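Engineer: Have a peek at data05.csv (CSV, C-alpha atoms).
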```
chain,number,residue,atom,x,y,z
A,851,MET,CA,0.0,0.0,0.0
A,852,ALA,CA,1.0,3.6,-0.3
A,853,LYS,CA,2.2,5.4,2.8
A,854,PRO,CA,-0.9,5.8,5.1
A,855,LYS,CA,-2.2,9.1,6.3
A,856,LYS,CA,-2.2,7.6,9.8
A,857,HIS,CA,-0.8,4.4,11.1
A,858,ILE,CA,-2.6,2.7,14.0
A,859,PHE,CA,-0.5,0.4,16.2
A,860,ILE,CA,-2.5,-2.0,18.4
A,861,CYS,CA,-0.5,-3.7,21.2
A,862,THR,CA,-1.3,-7.4,21.3
A,863,GLN,CA,1.5,-8.4,23.7
A,864,ASN,CA,0.6,-11.4,25.9
A,865,ARG,CA,2.1,-12.5,29.2
A,866,GLY,CA,1.3,-15.5,31.4
A,867,PRO,CA,-1.4,-15.3,34.1
A,868,GLY,CA,-0.1,-13.6,37.2
A,869,HIS,CA,2.8,-11.8,35.5
A,870,PRO,CA,3.4,-8.6,37.4
A,871,ARG,CA,3.3,-6.3,34.4
A,872,GLY,CA,0.1,-7.8,33.0
A,873,SER,CA,-0.4,-7.3,29.3
A,874,CYS,CA,-2.7,-5.7,26.7
A,875,ASN,CA,-3.8,-9.2,25.8
A,876,GLN,CA,-4.9,-9.9,29.4
A,877,ASN,CA,-6.6,-6.5,29.4
A,878,GLY,CA,-8.8,-7.3,26.4
A,879,CYS,CA,-7.0,-6.0,23.3
A,880,GLY,CA,-8.5,-8.7,21.2
A,881,ALA,CA,-11.9,-7.1,21.2
A,882,VAL,CA,-10.3,-3.8,20.4
A,883,LEU,CA,-8.4,-5.2,17.5
A,884,ASP,CA,-11.5,-7.0,16.2
A,885,GLU,CA,-13.5,-3.8,16.3
A,886,PHE,CA,-10.9,-1.8,14.4
A,887,MET,CA,-10.7,-4.6,11.7
A,888,PHE,CA,-14.5,-4.7,11.5
A,889,GLU,CA,-14.8,-0.9,11.1
A,890,PHE,CA,-11.9,-0.8,8.6
A,891,GLN,CA,-13.6,-3.4,6.5
A,892,LYS,CA,-17.1,-1.9,6.7
A,893,ARG,CA,-15.9,1.6,5.8
A,894,ASN,CA,-13.0,0.7,3.5
A,895,LEU,CA,-10.6,2.6,5.7
A,896,GLY,CA,-7.6,0.5,4.6
A,897,GLU,CA,-7.0,2.7,1.6
A,898,LYS,CA,-5.9,5.7,3.7
A,899,PHE,CA,-5.1,4.2,7.1
A,900,GLN,CA,-3.1,1.3,8.2
A,901,LEU,CA,-3.6,-1.1,11.2
A,902,THR,CA,-0.6,-3.0,12.6
A,903,MET,CA,-0.4,-5.4,15.6
A,904,THR,CA,2.6,-4.9,17.8
A,905,GLY,CA,4.5,-6.4,20.7
A,906,CYS,CA,4.9,-4.3,23.8
A,907,ILE,CA,4.8,-0.5,23.3
A,908,GLY,CA,5.3,0.4,26.9
A,909,PRO,CA,2.5,1.4,29.2
A,910,CYS,CA,1.2,-2.1,30.1
A,911,GLY,CA,-0.6,-0.8,33.2
A,912,SER,CA,-2.9,1.3,31.1
A,913,GLY,CA,-3.5,-1.2,28.4
A,914,PRO,CA,-5.1,-2.0,26.0
A,915,SER,CA,-2.8,0.5,24.3
A,916,VAL,CA,-3.4,2.0,20.9
A,917,LEU,CA,-0.8,4.3,19.4
A,918,VAL,CA,-1.4,6.6,16.4
A,919,TYR,CA,1.4,8.0,14.2
A,920,PRO,CA,2.6,10.4,12.9
A,921,GLU,CA,1.1,12.3,15.8
A,922,GLY,CA,2.4,9.9,18.4
A,923,VAL,CA,-0.8,9.8,20.4
A,924,MET,CA,-1.1,7.0,22.9
A,925,TYR,CA,-4.6,5.8,23.9
A,926,GLY,CA,-5.0,3.8,27.1
A,927,LYS,CA,-7.6,1.5,28.6
A,928,VAL,CA,-9.2,1.4,25.2
A,929,THR,CA,-12.4,-0.6,24.9
A,930,LYS,CA,-14.4,-1.8,22.0
A,931,GLU,CA,-16.8,1.0,22.5
A,932,ASP,CA,-14.0,3.6,22.1
A,933,VAL,CA,-12.9,2.5,18.6
A,934,VAL,CA,-15.6,4.4,16.7
A,935,ALA,CA,-14.6,7.7,18.5
A,936,ILE,CA,-10.9,7.1,17.6
A,937,ILE,CA,-11.8,6.5,14.0
A,938,ASP,CA,-14.4,9.3,13.6
A,939,GLU,CA,-12.6,12.0,15.7
A,940,HIS,CA,-8.9,11.3,15.2
A,941,LEU,CA,-8.5,9.4,11.9
A,942,LEU,CA,-11.2,11.1,9.9
A,943,GLY,CA,-11.6,14.3,11.9
A,944,ASP,CA,-7.9,14.8,12.6
A,945,VAL,CA,-8.5,15.7,16.2
A,946,PRO,CA,-7.0,13.3,18.8
A,947,VAL,CA,-9.5,12.1,21.4
A,948,ALA,CA,-8.1,13.8,24.5
A,949,ARG,CA,-10.3,11.9,26.9
A,950,LEU,CA,-8.8,8.6,25.9
A,951,SER,CA,-5.1,9.7,25.7
A,952,VAL,CA,-2.8,8.6,28.5
A,953,PRO,CA,-1.3,11.3,30.8
A,954,ALA,CA,1.9,13.0,29.8
A,955,GLU,CA,3.9,11.3,32.6
A,956,ILE,CA,3.1,7.9,31.1
A,957,TRP,CA,3.9,8.8,27.4
B,956,MET,CA,8.9,5.5,29.4
B,957,ALA,CA,8.3,9.0,28.2
B,958,LYS,CA,7.2,9.6,24.6
B,959,PRO,CA,10.3,8.7,22.5
B,960,LYS,CA,12.0,11.1,20.1
B,961,LYS,CA,11.7,8.4,17.4
B,962,HIS,CA,10.0,5.1,17.4
B,963,ILE,CA,11.5,2.2,15.5
B,964,PHE,CA,9.1,-0.6,14.4
B,965,ILE,CA,10.7,-3.8,13.2
B,966,CYS,CA,8.5,-6.2,11.4
B,967,THR,CA,8.9,-9.8,12.7
B,968,GLN,CA,6.0,-11.3,10.8
B,969,ASN,CA,6.5,-15.0,10.0
B,970,ARG,CA,4.8,-17.1,7.4
B,971,GLY,CA,5.2,-20.8,6.5
B,972,PRO,CA,7.8,-22.0,4.0
B,973,GLY,CA,6.6,-21.5,0.4
B,974,HIS,CA,4.0,-18.9,1.3
B,975,PRO,CA,3.7,-16.6,-1.8
B,976,ARG,CA,4.1,-13.4,0.2
B,977,GLY,CA,7.2,-14.5,2.1
B,978,SER,CA,7.8,-12.7,5.3
B,979,CYS,CA,10.3,-10.5,7.1
B,980,ASN,CA,11.1,-13.4,9.3
B,981,GLN,CA,12.0,-15.6,6.3
B,982,ASN,CA,14.1,-12.7,5.0
B,983,GLY,CA,16.2,-12.5,8.1
B,984,CYS,CA,14.6,-9.9,10.4
B,985,GLY,CA,15.9,-11.7,13.5
B,986,ALA,CA,19.5,-10.6,12.9
B,987,VAL,CA,18.3,-7.0,12.3
B,988,LEU,CA,16.3,-7.0,15.5
B,989,ASP,CA,19.2,-8.5,17.5
B,990,GLU,CA,21.6,-5.8,16.2
B,991,PHE,CA,19.2,-3.0,17.1
B,992,MET,CA,18.8,-4.4,20.6
B,993,PHE,CA,22.5,-4.9,20.9
B,994,GLU,CA,23.3,-1.3,19.9
B,995,PHE,CA,20.5,0.1,22.0
B,996,GLN,CA,21.9,-1.6,25.1
B,997,LYS,CA,25.5,-0.7,24.3
B,998,ARG,CA,24.7,2.9,23.8
B,999,ASN,CA,21.8,3.3,26.2
B,1000,LEU,CA,19.6,4.5,23.4
B,1001,GLY,CA,16.4,3.4,25.1
B,1002,GLU,CA,16.1,6.6,27.0
B,1003,LYS,CA,15.3,8.6,23.9
B,1004,PHE,CA,14.3,6.0,21.3
B,1005,GLN,CA,11.9,3.1,21.4
B,1006,LEU,CA,12.1,-0.3,19.6
B,1007,THR,CA,8.9,-2.3,19.0
B,1008,MET,CA,8.4,-5.5,17.2
B,1009,THR,CA,5.3,-5.7,14.9
B,1010,GLY,CA,3.2,-7.9,12.7
B,1011,CYS,CA,3.0,-7.2,9.0
B,1012,ILE,CA,3.6,-3.6,8.0
B,1013,GLY,CA,3.0,-4.1,4.3
B,1014,PRO,CA,5.9,-4.4,1.8
B,1015,CYS,CA,6.8,-8.0,2.5
B,1016,GLY,CA,8.6,-8.3,-0.8
B,1017,SER,CA,11.2,-5.8,0.3
B,1018,GLY,CA,11.6,-7.1,3.8
B,1019,PRO,CA,13.2,-7.1,6.3
B,1020,SER,CA,11.2,-3.9,6.9
B,1021,VAL,CA,12.0,-1.3,9.5
B,1022,LEU,CA,9.7,1.7,9.9
B,1023,VAL,CA,10.7,4.9,11.8
B,1024,TYR,CA,8.1,7.4,13.1
B,1025,PRO,CA,7.2,10.2,13.4
B,1026,GLU,CA,8.8,10.7,10.0
B,1027,GLY,CA,7.2,7.6,8.5
B,1028,VAL,CA,10.3,6.4,6.8
B,1029,MET,CA,10.2,2.8,5.6
B,1030,TYR,CA,13.5,1.0,5.2
B,1031,GLY,CA,13.6,-2.2,3.1
B,1032,LYS,CA,15.9,-5.2,2.7
B,1033,VAL,CA,17.6,-4.1,5.9
B,1034,THR,CA,20.6,-6.2,6.9
B,1035,LYS,CA,22.5,-6.4,10.2
B,1036,GLU,CA,25.2,-4.2,8.6
B,1037,ASP,CA,22.7,-1.4,7.9
B,1038,VAL,CA,21.6,-0.9,11.5
B,1039,VAL,CA,24.5,1.3,12.7
B,1040,ALA,CA,23.8,3.7,9.7
B,1041,ILE,CA,20.1,3.9,10.6
B,1042,ILE,CA,21.0,4.7,14.2
B,1043,ASP,CA,23.9,7.1,13.5
B,1044,GLU,CA,22.4,9.0,10.5
B,1045,HIS,CA,18.7,8.9,11.2
B,1046,LEU,CA,18.1,8.5,14.9
B,1047,LEU,CA,21.0,10.5,16.2
B,1048,GLY,CA,21.7,12.7,13.1
B,1049,ASP,CA,18.1,13.3,12.2
B,1050,VAL,CA,18.7,12.6,8.5
B,1051,PRO,CA,16.9,9.5,7.0
B,1052,VAL,CA,19.1,7.1,5.2
B,1053,ALA,CA,17.9,7.6,1.6
B,1054,ARG,CA,19.9,4.6,0.2
B,1055,LEU,CA,18.0,2.2,2.4
B,1056,SER,CA,14.5,3.7,2.0
B,1057,VAL,CA,11.9,1.9,-0.1
B,1058,PRO,CA,10.8,3.6,-3.3
B,1059,ALA,CA,7.7,5.9,-3.1
B,1060,GLU,CA,5.6,3.5,-5.1
B,1061,ILE,CA,6.0,0.9,-2.4
B,1062,TRP,CA,5.4,3.2,0.6
```
Re-express the file's structure as structure tokens.
Structural biologist:
Amino acid sequence: MAKPKKHIFICTQNRGPGHPRGSCNQNGCGAVLDEFMFEFQKRNLGEKFQLTMTGCIGPCGSGPSVLVYPEGVMYGKVTKEDVVAIIDEHLLGDVPVARLSVPAEIW
Amino acid sequence: MAKPKKHIFICTQNRGPGHPRGSCNQNGCGAVLDEFMFEFQKRNLGEKFQLTMTGCIGPCGSGPSVLVYPEGVMYGKVTKEDVVAIIDEHLLGDVPVARLSVPAEIW
């Protein structure tokens, strides 16, 4: 594909049960990824925007983590219900969703 | 960690032998990842820059692929020997390495 307008990185790191850092997988990133993929297919968003699964991107304690470049906006504790807002407001509207962004001390 | 100055995404996608798309793993991304991790540790680069492993980022045919944000520069056919140039010229010197970048029609 051509270089995307925005690139969405979804952490899918997994760690075993009881691991002290936890992981985005344990925190439910699977449903978030599924929802992004569903909306991308439904609205044909893949022509302009790219979705990529990643290993750890850092703030495990506030996962599921979703990171959008080129802005470098990190969303934390993302739920399936937040995905449409990130798409509508940030990807399509070009305004990051402040209420879902992690605090500056985390990222 | 704090938001990094640059974020380096290294594709570690794997596909089975004979798969028509191939994969960065089959093309030798493991040695590239190891070299980045080695240089990051040796030079303590993790304070300013972040390394993340990813699933597929697109141009499988020119893998191993390394993508640097916020610039959105995609490097292709990266070898272990190219890693120091990406670190010295792009991460530290702030000038992307044109000779290692994929053509505009790919990304």
Engineer: Can you work out which residues from chain A touch chain B at a cut-off of 8 Å (counting only C-alpha atoms) and hand them back as number ranges by chain?
Structural biologist: A: 851-853, 902-909, 919-922, 954-957
Engineer: List the spatial neighbours of Phe995 of chain B as a VMD selection string - criterion: any atom at most 12 Å away, only C-alpha atoms, same-chain residues fewer than 4 positions off excluded.
Structural biologist: chain B and resid 963 988 to 991 999 to 1006 1038 to 1039 1042 to 1043 1046 to 1047
Engineer: Can those selected residues be exported to a file as an mmCIF file, keeping the file's coordinate frame so that it contains C-alpha atoms?
Structural biologist:
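Result file follows (result-v8.cif):
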```cif
data_model
loop_
_atom_site.group_PDB
_atom_site.id
_atom_site.type_symbol
_atom_site.label_atom_id
_atom_site.label_comp_id
_atom_site.auth_asym_id
_atom_site.auth_seq_id
_atom_site.Cartn_x
_atom_site.Cartn_y
_atom_site.Cartn_z
ATOM 1 C CA ILE B 963 11.500 2.200 15.500
ATOM 2 C CA LEU B 988 16.300 -7.000 15.500
ATOM 3 C CA ASP B 989 19.200 -8.500 17.500
ATOM 4 C CA GLU B 990 21.600 -5.800 16.200
ATOM 5 C CA PHE B 991 19.200 -3.000 17.100
ATOM 6 C CA ASN B 999 21.800 3.300 26.200
ATOM 7 C CA LEU B 1000 19.600 4.500 23.400
ATOM 8 C CA GLY B 1001 16.400 3.400 25.100
ATOM 9 C CA GLU B 1002 16.100 6.600 27.000
ATOM 10 C CA LYS B 1003 15.300 8.600 23.900
ATOM 11 C CA PHE B 1004 14.300 6.000 21.300
ATOM 12 C CA GLN B 1005 11.900 3.100 21.400
ATOM 13 C CA LEU B 1006 12.100 -0.300 19.600
ATOM 14 C CA VAL B 1038 21.600 -0.900 11.500
ATOM 15 C CA VAL B 1039 24.500 1.300 12.700
ATOM 16 C CA ILE B 1042 21.000 4.700 14.200
ATOM 17 C CA ASP B 1043 23.900 7.100 13.500
ATOM 18 C CA LEU B 1046 18.100 8.500 14.900
ATOM 19 C CA LEU B 1047 21.000 10.500 16.200
#
```
Engineer: Can you work out the spacing between atom CA of Ser915 of chain A and atom CA of Val952 of chain A in Å, to one decimal?
Structural biologist: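 Atom-to-atom, atom CA of Ser915 of chain A and atom CA of Val952 of chain A are spaced 9.1 Å apart.
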Engineer: Can you check the Cα RMSD once chain B has been least-squares fitted onto chain A over every paired atom, in order?
Structural biologist: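 Once chain B is fitted onto chain A, the C-alpha RMSD works out to 0.1 Å.
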Engineer: Quick check, in Å to one decimal: how far apart do atom CA of Pro1051 of chain B and atom CA of Ala986 of chain B lie?
Structural biologist: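 Between atom CA of Pro1051 of chain B and atom CA of Ala986 of chain B the gap is 21.1 Å.
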